[in-house]
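The structure appears right after this line, and notes come after that.
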Amino acid sequence: MSCFTTKFADELIANAAYIGTPGKGILAADESTGTIGKRLASINVENVESNRRALRELLFTTPGALPCLSGVILFEETLYQKSSNGTPFVEMLKSAGVLPGIKVDKGTVELAGTNGETTTQGLDGLGERCKKYYEAGARFAKWRAVLKIGKNEPSELAIHENAYGLARYAVICQENGLVPIVEPEILVDGSHDIHKCAAVTERVLAACYKALSDHHVLLEGTLLKPNMVTPGSESAKVAPEVIAEHTVRALQRTVPAAVPAIVFLSGGQSEEEATRNLNAMNQLKTKKPWSLSFSFGRALQQSTLKTWGGKEENVKKAQEAFLVRCKANSEATLGAYKGDAKLGEGAAESLHVKDYKY
Amino acid sequence: MSAFVGKYADELIKTAKYIATPGKGILAADESTGTIGKRFASINVENIESNRQALRELLFTSPGTVPCLSGVILFEETLYQKTSDGKPFVDLLMENGVIPGIKVDKGVVDLAGTNGETTTQGLDSLGARCQEYYKAGARFAKWRAVLKIGATEPSELSIQENAKGLARYAIICQENGLVPIVEPEVLTDGSHDIKKCAAVTETVLAAVYKALNDHHVLLEGTLLKPNMVTPGSDSPKVAPEVIAEYTVTALRRTVPPAVPGIVFLSGGQSEEEATLNLNAMNKLDVLKPWTLTFSFGRALQQSTLKAWAGKTENVGKAQATFLTRCKANSDATLGKYTGGASGDSAASESLYVKGYKY
């Protein structure tokens, strides 16, 4: 094999395959303290540990939600938090058949000499950190690389830097028992059309898989978290079927069949848009050797957050809103979403924030 | 798209898909004049044009073989030859639903500073040549790149050079209406084990698909002609199921689903070995997003050549022998081959020639 041999190989393969179970997907609840602060601010909630804990407890204890999820990505603080009755979140998730994951990157920094392009940091001591996270119960990790479309972007430098950063992160994770989610996000910002997005996505994904091969990553023990292929945020919208066609084609051209599942990011899409697009992809009659599912943050939590408003008395209603989105996306992974999800407040609201920084 | 979509795009996609039809495969009859001379010498036949014409007529008019073949690769001389009653070979083949292809490379030359590694030449005026071949009726092309396994081989230089050569050849073909068969052959020569062959094959294929992406090749309009993953020629043989497992795993890790078909070369394998291995691959219960079929030269013609021995009175017998191998391989593409296609000792004879040069 050109991939390296690890004692964790069987476990990585089993966990990656499990995350891709049809009908399930990932809740991305790994907002850093700074980022969750912005969310809480938007609903006038103070950014203190107890509130951050309360929000995550609200999500994880929603009746009926966990069966729709195969994994939850956590921020480091949350990995060590407990529910109000003292059960560690990690235990709660595991006993419900949901794998805990952990965000391991340390954000982006600018690439000198480029037009605002970035690379992602977090490799220093990553092996040690992964070991500790594994001991704490994490079984997968996530690292977000960011690229943008512009006149001269993404540059070859940005593509190469980000691809090889992802590859190095991926193999270090695998050495330490964590399934790496490989996330090369191409921002939706811009006035380009869907063809441009497709071309860039194909180029970036090809570079990623070359880098993963160079670094001896075991593809069967990884997941991909790409952007969907869409027009730029300043361009006219297109139908879900068009997004589905361009997205799946880009993946067919670049993602080897050994990768068990592709878990899309939602970018700035509204909850409903993201679900409809995922649904359209799963309805498409064409070759898809990987399962197509979700790893949504904002697109799963937006209306739930608004309904909660930080108030104890709203928890039940907020949980109902969360369940609606979980079920809708679960159906979408089967191409069975009928678009009749009771739209919570804000479900159709665009979540696009220009030049979004986590 | 990052792929170049020229005026031939639809035709290329259609042709590639047709060649990959389950139940069919390719007869590689593109031996150069020098190479066919060696074959003739082994059966005491003079290497003159009429004999070369007679052999190919024997093959192309074999009753019952048409349903087993989707394409035939020809050498330039043969592209312009006719049957004994004056019909151009190209017309005969097309009428029978067998697509004519053309070998377009001009052999290998040594890479200075390496340990006998090579690159393939033939890019000069390739576009103009492809146009001529298209006019003459060819609809696909073939270019053989060669790599070898050794203590320090294949080198990074050799992998890069050969991958880029294949990519440049591929795009030029597509610009001129020919489906490029991409052939990065890793020779069996050596005492390495199957794992080493697997590692090298995966590394080479990853480099090839990165190069194809860089050169904007339309993958849906290509075919791949790889080696099977086997132990080296000086190592003990393994069962077809083992070869199947390593080969399909290597392909799942590197060949994007957009590629419609993989048409294996037979290398030095005997007729029977090649068929059994192909059969085992098609029986393997694992997801394969491309069809797996054959593009055999020696492994389709060996016993036929012996049966013919250049004599007109043997044509019927030789054609029956050829039909046996065609049917066996057709069955193998469906995983239906039950073995023992002919008691012919020639069928089990190894066709391995050390350091094989076409």
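FYI, nothing fancy with the structure tokens labels: chains A, B, ... in order, residues from 1 per chain, ligands from 1 as they appear.
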
Fill in: 8 Å contacts from chain A to chain B using only C-alpha atoms, as a VMD selection string
chain A and resid 1 to 3 195 to 196 198 to 200 202 to 203 206 to 207 209 to 210 213 to 214 219 249 to 250 252 to 259 287 to 289

Worksheet item: If we count only C-alpha atoms, what is near Asp189 in chain B at a cut-off of 12 Å, once residues fewer than 3 positions away on the same chain are taken out, given as number ranges by chain?
Response: B: 146-150, 153, 185-186, 192-193, 197, 230-235, 267-269, 352-356

Practice prompt. From range 11-243 of chain A, collect each residue whose DSSP state is strand (DSSP E or B) and return the set as a ChimeraX atom specification.
Written response: /A:25-29,69-74,82,88,99-103,108-110,118-120,140-147,179-186,223-224

Discussion item. Using DSSP secondary structure from the backbone, list all helix (DSSP H, G or I) positions within range 156-332 of chain A, as a PyMOL selection string.
Written reply: chain A and resi 156-175+194-214+219-221+240-252+271-283+298-308+312-332

Generate a file of the selected residues that holds C-alpha atoms, formatted as a CSV table (one decimal), in the first residue's frame.
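Printed below is result-v3.csv as written:
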```csv
chain,number,residue,atom,x,y,z
A,156,GLU,CA,-1.1,27.8,-6.8
A,157,LEU,CA,0.6,28.7,-3.5
A,158,ALA,CA,-2.6,28.8,-1.6
A,159,ILE,CA,-3.8,25.5,-3.1
A,160,HIS,CA,-0.5,23.8,-2.4
A,161,GLU,CA,-0.1,25.1,1.1
A,162,ASN,CA,-3.6,24.2,2.2
A,163,ALA,CA,-3.6,20.8,0.5
A,164,TYR,CA,-0.3,19.8,2.2
A,165,GLY,CA,-1.4,21.2,5.5
A,166,LEU,CA,-4.5,19.1,5.3
A,167,ALA,CA,-2.4,16.0,4.4
A,168,ARG,CA,0.0,16.5,7.3
A,169,TYR,CA,-2.9,17.0,9.7
A,170,ALA,CA,-4.6,13.9,8.3
A,171,VAL,CA,-1.8,11.5,8.8
A,172,ILE,CA,-1.0,12.7,12.3
A,173,CYS,CA,-4.6,12.1,13.2
A,174,GLN,CA,-4.5,8.6,11.9
A,175,GLU,CA,-1.3,7.8,13.7
A,194,ILE,CA,-21.3,28.1,-10.9
A,195,HIS,CA,-18.9,27.0,-13.6
A,196,LYS,CA,-16.1,28.9,-12.1
A,197,CYS,CA,-16.8,27.4,-8.7
A,198,ALA,CA,-16.8,23.9,-10.3
A,199,ALA,CA,-13.5,24.5,-11.9
A,200,VAL,CA,-11.9,25.8,-8.7
A,201,THR,CA,-13.4,23.0,-6.6
A,202,GLU,CA,-12.1,20.3,-9.0
A,203,ARG,CA,-8.6,21.9,-9.0
A,204,VAL,CA,-8.5,22.1,-5.2
A,205,LEU,CA,-9.8,18.6,-4.6
A,206,ALA,CA,-7.3,17.1,-7.1
A,207,ALA,CA,-4.5,18.8,-5.2
A,208,CYS,CA,-5.9,17.6,-1.9
A,209,TYR,CA,-6.0,13.9,-3.0
A,210,LYS,CA,-2.5,14.2,-4.5
A,211,ALA,CA,-1.2,15.5,-1.2
A,212,LEU,CA,-3.0,12.8,0.8
A,213,SER,CA,-1.4,10.2,-1.5
A,214,ASP,CA,2.0,11.8,-1.0
A,219,LEU,CA,-8.3,7.1,2.4
A,220,GLU,CA,-10.7,4.5,3.7
A,221,GLY,CA,-10.2,6.1,7.2
A,240,PRO,CA,-31.0,22.6,-6.2
A,241,GLU,CA,-30.8,20.2,-9.1
A,242,VAL,CA,-28.2,22.4,-10.8
A,243,ILE,CA,-26.2,22.6,-7.7
A,244,ALA,CA,-26.5,18.8,-7.3
A,245,GLU,CA,-25.3,18.1,-10.8
A,246,HIS,CA,-22.2,20.4,-10.7
A,247,THR,CA,-21.3,19.2,-7.2
A,248,VAL,CA,-21.6,15.5,-7.8
A,249,ARG,CA,-19.7,15.8,-11.1
A,250,ALA,CA,-16.9,17.7,-9.5
A,251,LEU,CA,-16.6,14.9,-6.9
A,252,GLN,CA,-16.8,12.2,-9.5
A,271,GLU,CA,-31.1,25.8,6.7
A,272,GLU,CA,-33.7,25.0,4.0
A,273,GLU,CA,-31.3,25.6,1.1
A,274,ALA,CA,-28.7,23.3,2.5
A,275,THR,CA,-31.2,20.6,3.1
A,276,ARG,CA,-32.7,20.9,-0.4
A,277,ASN,CA,-29.4,20.8,-2.1
A,278,LEU,CA,-28.3,17.8,-0.2
A,279,ASN,CA,-31.5,16.1,-1.0
A,280,ALA,CA,-31.2,16.8,-4.7
A,281,MET,CA,-27.7,15.3,-4.7
A,282,ASN,CA,-29.0,12.1,-3.2
A,283,GLN,CA,-31.8,12.0,-5.8
A,298,ARG,CA,-25.3,27.1,11.2
A,299,ALA,CA,-27.6,25.2,8.9
A,300,LEU,CA,-28.6,22.9,11.8
A,301,GLN,CA,-28.7,25.4,14.6
A,302,GLN,CA,-29.9,28.8,13.3
A,303,SER,CA,-33.6,28.5,14.1
A,304,THR,CA,-32.9,26.5,17.2
A,305,LEU,CA,-30.7,29.4,18.5
A,306,LYS,CA,-33.3,32.0,17.8
A,307,THR,CA,-36.1,30.0,19.4
A,308,TRP,CA,-34.0,29.4,22.5
A,312,GLU,CA,-34.8,28.0,30.1
A,313,GLU,CA,-38.5,28.2,29.3
A,314,ASN,CA,-37.8,28.1,25.6
A,315,VAL,CA,-35.7,24.9,25.7
A,316,LYS,CA,-38.5,22.5,24.7
A,317,LYS,CA,-39.6,24.6,21.7
A,318,ALA,CA,-35.9,25.1,20.7
A,319,GLN,CA,-35.4,21.4,20.8
A,320,GLU,CA,-38.4,20.8,18.6
A,321,ALA,CA,-36.9,23.2,16.1
A,322,PHE,CA,-33.6,21.4,16.2
A,323,LEU,CA,-35.3,18.0,15.7
A,324,VAL,CA,-37.1,19.4,12.6
A,325,ARG,CA,-33.8,20.2,11.0
A,326,CYS,CA,-32.1,17.0,12.1
A,327,LYS,CA,-35.0,14.9,10.6
A,328,ALA,CA,-35.1,17.0,7.4
A,329,ASN,CA,-31.3,16.5,6.8
A,330,SER,CA,-31.5,12.8,7.7
A,331,GLU,CA,-34.2,12.4,5.0
A,332,ALA,CA,-32.1,14.4,2.6
```

Worksheet item: Hey, can you check how far CA of Leu55 in chain A sits from CA of Gln121 in chain A?
Response: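 Calculated distance between CA of Leu55 in chain A and CA of Gln121 in chain A is 27.8 Å.
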
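CA of Glu272 in chain B sits 11.5 Å away from CA of Cys326 in chain B.
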